[in-house]
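Here is the file work_33.txt (compact mmCIF, C-alpha atoms).
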# COMPACT_ATOMS: atom_id res chain seq x y z
CA MET Y 14 0.00 0.00 0.00
CA SER Y 15 1.24 3.46 -0.86
CA THR Y 16 2.23 5.72 2.03
CA CYS Y 17 2.51 8.79 -0.21
CA LEU Y 18 -0.11 11.47 0.35
CA LYS Y 19 0.61 13.27 -2.93
CA ARG Y 20 -0.22 10.45 -5.34
CA LYS Y 21 -0.86 6.73 -5.19
CA VAL Y 22 1.26 4.79 -7.69
CA GLY Y 23 1.75 1.07 -8.15
CA ALA Y 24 3.97 -1.07 -10.37
CA VAL Y 25 3.84 -4.76 -11.28
CA ILE Y 26 6.61 -6.64 -13.12
CA VAL Y 27 5.47 -9.53 -15.31
CA ARG Y 28 7.52 -12.13 -17.16
CA ALA Y 29 6.10 -15.09 -19.06
CA ASP Y 30 2.58 -14.26 -17.86
CA SER Y 31 3.64 -14.47 -14.19
CA VAL Y 32 3.88 -11.63 -11.70
CA ILE Y 33 7.43 -11.60 -10.34
CA ALA Y 34 7.32 -8.37 -8.29
CA GLN Y 35 5.13 -5.49 -7.28
CA GLY Y 36 5.62 -2.20 -5.50
CA ALA Y 37 3.80 0.90 -4.32
CA ASN Y 38 5.29 4.33 -3.85
CA GLY Y 39 5.95 5.75 -0.42
CA GLY Y 40 8.24 5.55 2.53
CA GLU Y 41 8.96 2.37 4.41
CA ARG Y 42 6.39 1.69 7.11
CA GLU Y 43 8.96 1.16 9.84
CA TYR Y 44 10.71 4.44 9.01
CA LEU Y 45 9.64 8.04 8.66
CA ASN Y 46 6.87 8.49 6.10
CA CYS Y 47 4.00 10.91 5.52
CA LEU Y 48 1.42 8.60 7.12
CA THR Y 49 3.40 8.14 10.35
CA MET Y 50 4.68 11.69 10.74
CA GLU Y 51 3.07 14.20 13.02
CA LEU Y 52 2.12 16.41 10.09
CA GLY Y 53 -1.63 16.15 10.35
CA GLY Y 54 -1.94 14.37 7.00
CA ILE Y 55 0.18 16.85 5.04
CA CYS Y 56 2.60 15.72 2.35
CA TYR Y 57 6.13 16.20 3.71
CA TRP Y 58 7.38 17.40 0.31
CA LYS Y 59 4.69 20.09 0.06
CA LYS Y 60 5.20 21.10 3.69
CA MET Y 61 8.93 21.55 3.08
CA ALA Y 62 8.21 23.65 -0.02
CA TYR Y 63 6.11 26.00 2.12
CA VAL Y 64 8.80 26.10 4.82
CA LEU Y 65 11.46 26.97 2.22
CA ALA Y 66 9.22 29.62 0.67
CA ARG Y 67 8.60 31.20 4.08
CA ARG Y 68 12.32 31.09 4.85
CA GLU Y 69 12.91 33.07 1.65
CA GLN Y 70 10.05 35.36 2.68
CA THR Y 71 8.49 35.06 -0.74
CA ASP Y 72 4.91 36.11 -1.09
CA PHE Y 73 4.11 32.79 -2.76
CA GLU Y 74 4.36 34.09 -6.30
CA GLU Y 75 3.26 31.07 -8.32
CA GLU Y 76 6.33 30.86 -10.57
CA ARG Y 77 8.83 31.08 -7.67
CA PHE Y 78 6.79 28.66 -5.57
CA GLN Y 79 6.86 26.09 -8.40
CA THR Y 80 10.66 26.42 -8.50
CA ILE Y 81 10.84 25.93 -4.74
CA LYS Y 82 8.59 22.86 -5.02
CA LYS Y 83 10.97 21.36 -7.59
CA GLU Y 84 13.92 22.02 -5.28
CA ALA Y 85 12.06 20.52 -2.31
CA ARG Y 86 11.35 17.33 -4.30
CA THR Y 87 14.72 15.99 -3.16
CA LEU Y 88 13.35 16.07 0.40
CA CYS Y 89 10.46 13.75 -0.43
CA LEU Y 90 10.37 10.65 1.77
CA SER Y 91 8.86 8.38 -0.91
CA THR Y 92 10.52 5.80 -3.09
CA CYS Y 93 8.95 5.25 -6.52
CA ALA Y 94 6.79 2.17 -7.08
CA GLU Y 95 8.92 1.05 -10.04
CA ARG Y 96 12.10 1.11 -7.95
CA ARG Y 97 10.48 -0.79 -5.11
CA ALA Y 98 9.27 -3.49 -7.51
CA ILE Y 99 12.73 -3.83 -9.12
CA TYR Y 100 14.40 -4.00 -5.67
CA GLN Y 101 12.30 -7.08 -4.86
CA VAL Y 102 13.91 -9.14 -7.61
CA LEU Y 103 17.35 -10.19 -6.46
CA ASN Y 104 18.13 -12.25 -9.55
CA ARG Y 105 18.60 -9.77 -12.41
CA GLU Y 106 18.09 -12.54 -14.97
CA LYS Y 107 14.43 -12.74 -13.93
CA LEU Y 108 13.96 -9.13 -15.06
CA GLN Y 109 15.42 -9.70 -18.54
CA ASN Y 110 12.74 -9.14 -21.22
CA ALA Y 111 10.04 -8.60 -18.58
CA SER Y 112 7.25 -6.01 -18.75
CA ILE Y 113 6.44 -3.45 -16.08
CA TYR Y 114 2.91 -2.09 -15.62
CA CYS Y 115 2.78 1.28 -13.85
CA THR Y 116 0.10 3.69 -12.78
CA THR Y 117 2.05 6.67 -14.16
CA TYR Y 118 4.80 7.11 -16.72
CA PRO Y 119 8.13 6.43 -14.97
CA CYS Y 120 10.38 9.30 -13.91
CA PRO Y 121 13.88 9.51 -15.48
CA THR Y 122 15.55 7.81 -12.49
CA CYS Y 123 13.16 4.86 -12.72
CA ALA Y 124 13.55 4.83 -16.51
CA LYS Y 125 17.29 4.32 -16.00
CA MET Y 126 16.66 1.51 -13.51
CA ILE Y 127 14.23 -0.14 -15.93
CA ARG Y 128 16.85 0.08 -18.68
CA LEU Y 129 19.57 -1.36 -16.43
CA ALA Y 130 17.27 -4.17 -15.28
CA GLY Y 131 16.73 -5.32 -18.87
CA ILE Y 132 12.95 -4.76 -18.83
CA LYS Y 133 11.77 -4.43 -22.43
CA GLN Y 134 8.22 -3.08 -22.14
CA VAL Y 135 6.60 -0.33 -20.04
CA CYS Y 136 2.81 -0.09 -19.87
CA TYR Y 137 1.29 2.84 -18.00
CA MET Y 138 -2.10 4.44 -17.45
CA TYR Y 139 -1.26 8.13 -17.01
CA ASP Y 140 1.47 10.57 -17.95
CA TYR Y 141 3.59 11.92 -15.14
CA ASP Y 142 1.50 15.06 -14.87
CA GLU Y 143 3.81 17.48 -13.12
CA GLU Y 144 6.27 18.31 -15.83
CA ARG Y 145 6.28 17.51 -19.49
CA ALA Y 146 10.09 17.48 -19.33
CA ILE Y 147 9.97 14.44 -17.02
CA CYS Y 148 8.12 12.38 -19.64
CA GLN Y 149 10.38 13.63 -22.42
CA GLU Y 150 13.57 12.63 -20.58
CA SER Y 151 12.16 9.20 -19.71
CA SER Y 152 11.01 8.74 -23.31
CA ARG Y 153 14.52 9.51 -24.56
CA ILE Y 154 15.99 6.90 -22.20
CA PHE Y 155 13.45 4.27 -23.28
CA GLU Y 156 13.90 5.04 -26.97
CA GLU Y 157 17.70 4.76 -26.79
CA ALA Y 158 17.38 1.37 -25.07
CA GLY Y 159 14.72 0.05 -27.46
CA ILE Y 160 12.15 -0.26 -24.66
CA VAL Y 161 8.56 -0.26 -25.91
CA THR Y 162 6.17 2.06 -24.07
CA GLU Y 163 2.41 1.64 -24.27
CA MET Y 164 -0.39 3.55 -22.65
CA VAL Y 165 -3.14 1.30 -21.33
CA VAL Y 166 -6.55 2.80 -22.07
CA LEU Y 167 -9.29 1.94 -19.62
CA ASP Y 168 -13.03 1.92 -20.06
CA ASP Y 169 -15.54 3.26 -17.51
CA GLU Y 170 -15.62 0.00 -15.58
CA MET Y 171 -11.83 0.02 -15.15
CA GLY Y 172 -11.27 -2.79 -17.60
CA ALA Y 173 -8.43 -2.53 -20.08
CA VAL Y 174 -9.79 -1.98 -23.57
CA GLY Y 175 -6.54 -1.73 -25.43
CA LYS Y 176 -3.04 -0.40 -25.63
CA ARG Y 177 -1.59 2.35 -27.71
CA THR Y 178 2.02 3.18 -28.24
CA GLU Y 179 3.11 6.44 -26.70
CA TYR Y 180 3.41 7.94 -30.19
CA GLU Y 181 -0.15 6.94 -31.13
CA TYR Y 182 -1.49 8.38 -27.88
CA ARG Y 183 0.33 11.68 -28.26
CA GLU Y 184 -0.69 12.01 -31.91
CA THR Y 185 -4.35 11.43 -31.01
CA ASN Y 186 -4.29 13.92 -28.12
CA ASN Y 187 -2.44 16.64 -30.02
CA LYS Y 188 -5.16 16.94 -32.65

Can you dump the structure from the file as structure tokens?
Amino acid sequence: MSTCLKRKVGAVIVRADSVIAQGANGGEREYLNCLTMELGGICYWKKMAYVLARREQTDFEEERFQTIKKEARTLCLSTCAERRAIYQVLNREKLQNASIYCTTYPCPTCAKMIRLAGIKQVCYMYDYDEERAICQESSRIFEEAGIVTEMVVLDDEMGAVGKRTEYEYRETNNK
């Protein structure tokens, strides 16, 4: 279960039609995480962005605050779902030519881990919505490694109705 208050993300690694690992984003339960902290249900990353903004005595101008939020991201207590799933598989050979199914498009750090693990297919439901640059950098990493990315399109009853390549999805949505 995810312990992140900002977004709930999961990842499942499949090889030869068998689930070999799964992960959810967040901090470890036995360590400091947003659910166990005395923050009153506030995301630690967001709280630190506000603290940094106050320290600078900014008047929360939107553009500067967004920059501060990006800088505060390094203070986030969560580990990505993709990384947690990959960490579960001790034998790297099991990851070779596997597929990973993710809630959101992987960040560049996870994209590098996916490439290093030898995973050949990434299926996701949503773009990483914070920054377009995040998706572009991850896409570059996947393209260079020959990793296929597909967006899973869901119907109203949450059943998969098909897959589209990232290119097909972007072409459809840019029109």

Mind pulling up the distance from atom CA of Y:Asn110 to atom CA of Y:Val27?
9.4 Å

In file coordinates, which residues lie within 9 Å of (13.1, -10.8, -12.8) using only C-alpha atoms, given as a list in words?
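It turns out the residues near that spot are Ile26, Val27, Arg28, Ile33, Ala34, Ile99, Gln101, Val102, Leu103, Asn104, Arg105, Glu106, Lys107, Leu108, Gln109, Asn110, Ala111, Ala130, Gly131 and Ile132 of chain Y.
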
Computed interatomic separation between atom CA of Y:Cys123 and atom CA of Y:Thr16 (Å):
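These atoms are spaced 18.4 Å apart.
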
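The nearest approach to Y:Ile160 among the residues Y:Met138, Y:Leu90, Y:Val22, Y:Ile113, with all atoms listed in the file taken into account, belongs to Y:Ile113.
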
Separation of atom CA of Y:Tyr137 from atom CA of Y:Arg97 in Å
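Result for atom CA of Y:Arg97 versus atom CA of Y:Tyr137: 16.2 Å, one decimal.
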
Pick the closest to Y:Met14 from Y:Lys133, Y:Ala37, Y:Tyr139, Y:Val32: which is it, counting all atoms listed in the file?
Y:Ala37

Who sits within 6 Å of Y:Gln35, all atoms listed in the file, same chain under 2 positions skipped, as a list of chain:residue names
Y:Ala24, Y:Val25, Y:Ala98

Would you mind telling me which residue in Y:Val161, Y:Cys148, Y:Val166, Y:Gly40 lies nearest to Y:Ser91 when using all atoms listed in the file?
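So, comparing all the options, the nearest one is Y:Gly40.
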
All heavy atoms are what I want for stretch 117-128 of chain Y; can you complete it accordingly and write them as a compact mmCIF listing (two decimals), in the coordinates of the input?
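Printed below is result-v5.txt as written:
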# COMPACT_ATOMS: atom_id res chain seq x y z
N THR Y 117 1.64 5.48 -13.41
CA THR Y 117 2.05 6.67 -14.16
C THR Y 117 3.34 6.38 -14.93
O THR Y 117 4.06 5.44 -14.63
CB THR Y 117 2.32 7.87 -13.23
OG1 THR Y 117 3.34 7.53 -12.31
CG2 THR Y 117 1.07 8.29 -12.49
N TYR Y 118 3.58 7.22 -15.92
CA TYR Y 118 4.80 7.11 -16.72
C TYR Y 118 6.01 7.26 -15.80
O TYR Y 118 6.05 8.17 -14.97
CB TYR Y 118 4.79 8.21 -17.78
CG TYR Y 118 5.71 7.96 -18.94
CD1 TYR Y 118 5.39 7.03 -19.91
CD2 TYR Y 118 6.89 8.67 -19.06
CE1 TYR Y 118 6.23 6.80 -20.98
CE2 TYR Y 118 7.74 8.45 -20.14
CZ TYR Y 118 7.41 7.51 -21.09
OH TYR Y 118 8.23 7.28 -22.15
N PRO Y 119 6.99 6.39 -15.89
CA PRO Y 119 8.13 6.43 -14.97
C PRO Y 119 8.96 7.71 -15.08
O PRO Y 119 9.12 8.28 -16.17
CB PRO Y 119 8.98 5.23 -15.39
CG PRO Y 119 8.01 4.30 -16.06
CD PRO Y 119 7.04 5.21 -16.77
N CYS Y 120 9.48 8.14 -13.94
CA CYS Y 120 10.38 9.30 -13.91
C CYS Y 120 11.72 8.89 -14.54
O CYS Y 120 11.98 7.70 -14.73
CB CYS Y 120 10.58 9.77 -12.47
SG CYS Y 120 11.58 8.65 -11.45
N PRO Y 121 12.59 9.85 -14.86
CA PRO Y 121 13.88 9.51 -15.48
C PRO Y 121 14.75 8.57 -14.64
O PRO Y 121 15.41 7.69 -15.19
CB PRO Y 121 14.56 10.87 -15.66
CG PRO Y 121 13.42 11.82 -15.81
CD PRO Y 121 12.36 11.30 -14.87
N THR Y 122 14.75 8.71 -13.32
CA THR Y 122 15.55 7.81 -12.49
C THR Y 122 15.04 6.38 -12.61
O THR Y 122 15.83 5.44 -12.75
CB THR Y 122 15.53 8.27 -11.01
OG1 THR Y 122 16.03 9.62 -10.95
CG2 THR Y 122 16.39 7.37 -10.15
N CYS Y 123 13.73 6.21 -12.56
CA CYS Y 123 13.16 4.86 -12.72
C CYS Y 123 13.37 4.34 -14.14
O CYS Y 123 13.59 3.15 -14.33
CB CYS Y 123 11.67 4.86 -12.35
SG CYS Y 123 11.42 5.03 -10.57
N ALA Y 124 13.30 5.24 -15.13
CA ALA Y 124 13.55 4.83 -16.51
C ALA Y 124 14.96 4.24 -16.64
O ALA Y 124 15.15 3.22 -17.31
CB ALA Y 124 13.38 6.02 -17.46
N LYS Y 125 15.92 4.84 -15.98
CA LYS Y 125 17.29 4.32 -16.00
C LYS Y 125 17.37 2.96 -15.32
O LYS Y 125 18.05 2.05 -15.80
CB LYS Y 125 18.25 5.30 -15.33
CG LYS Y 125 18.44 6.59 -16.12
CD LYS Y 125 19.26 7.58 -15.33
CE LYS Y 125 19.22 8.95 -15.97
NZ LYS Y 125 19.83 9.98 -15.12
N MET Y 126 16.66 2.81 -14.21
CA MET Y 126 16.66 1.51 -13.51
C MET Y 126 16.00 0.44 -14.36
O MET Y 126 16.46 -0.69 -14.41
CB MET Y 126 15.94 1.63 -12.18
CG MET Y 126 16.73 2.40 -11.14
SD MET Y 126 16.00 2.27 -9.52
CE MET Y 126 16.38 0.56 -9.14
N ILE Y 127 14.92 0.80 -15.05
CA ILE Y 127 14.23 -0.14 -15.93
C ILE Y 127 15.16 -0.58 -17.05
O ILE Y 127 15.26 -1.76 -17.38
CB ILE Y 127 12.93 0.49 -16.47
CG1 ILE Y 127 11.90 0.61 -15.32
CG2 ILE Y 127 12.37 -0.28 -17.65
CD1 ILE Y 127 10.71 1.50 -15.64
N ARG Y 128 15.88 0.39 -17.61
CA ARG Y 128 16.85 0.08 -18.68
C ARG Y 128 17.94 -0.85 -18.16
O ARG Y 128 18.26 -1.86 -18.78
CB ARG Y 128 17.46 1.38 -19.20
CG ARG Y 128 18.54 1.20 -20.24
CD ARG Y 128 19.15 2.50 -20.68
NE ARG Y 128 19.83 3.13 -19.55
CZ ARG Y 128 20.23 4.39 -19.54
NH1 ARG Y 128 20.00 5.17 -20.58
NH2 ARG Y 128 20.85 4.89 -18.50
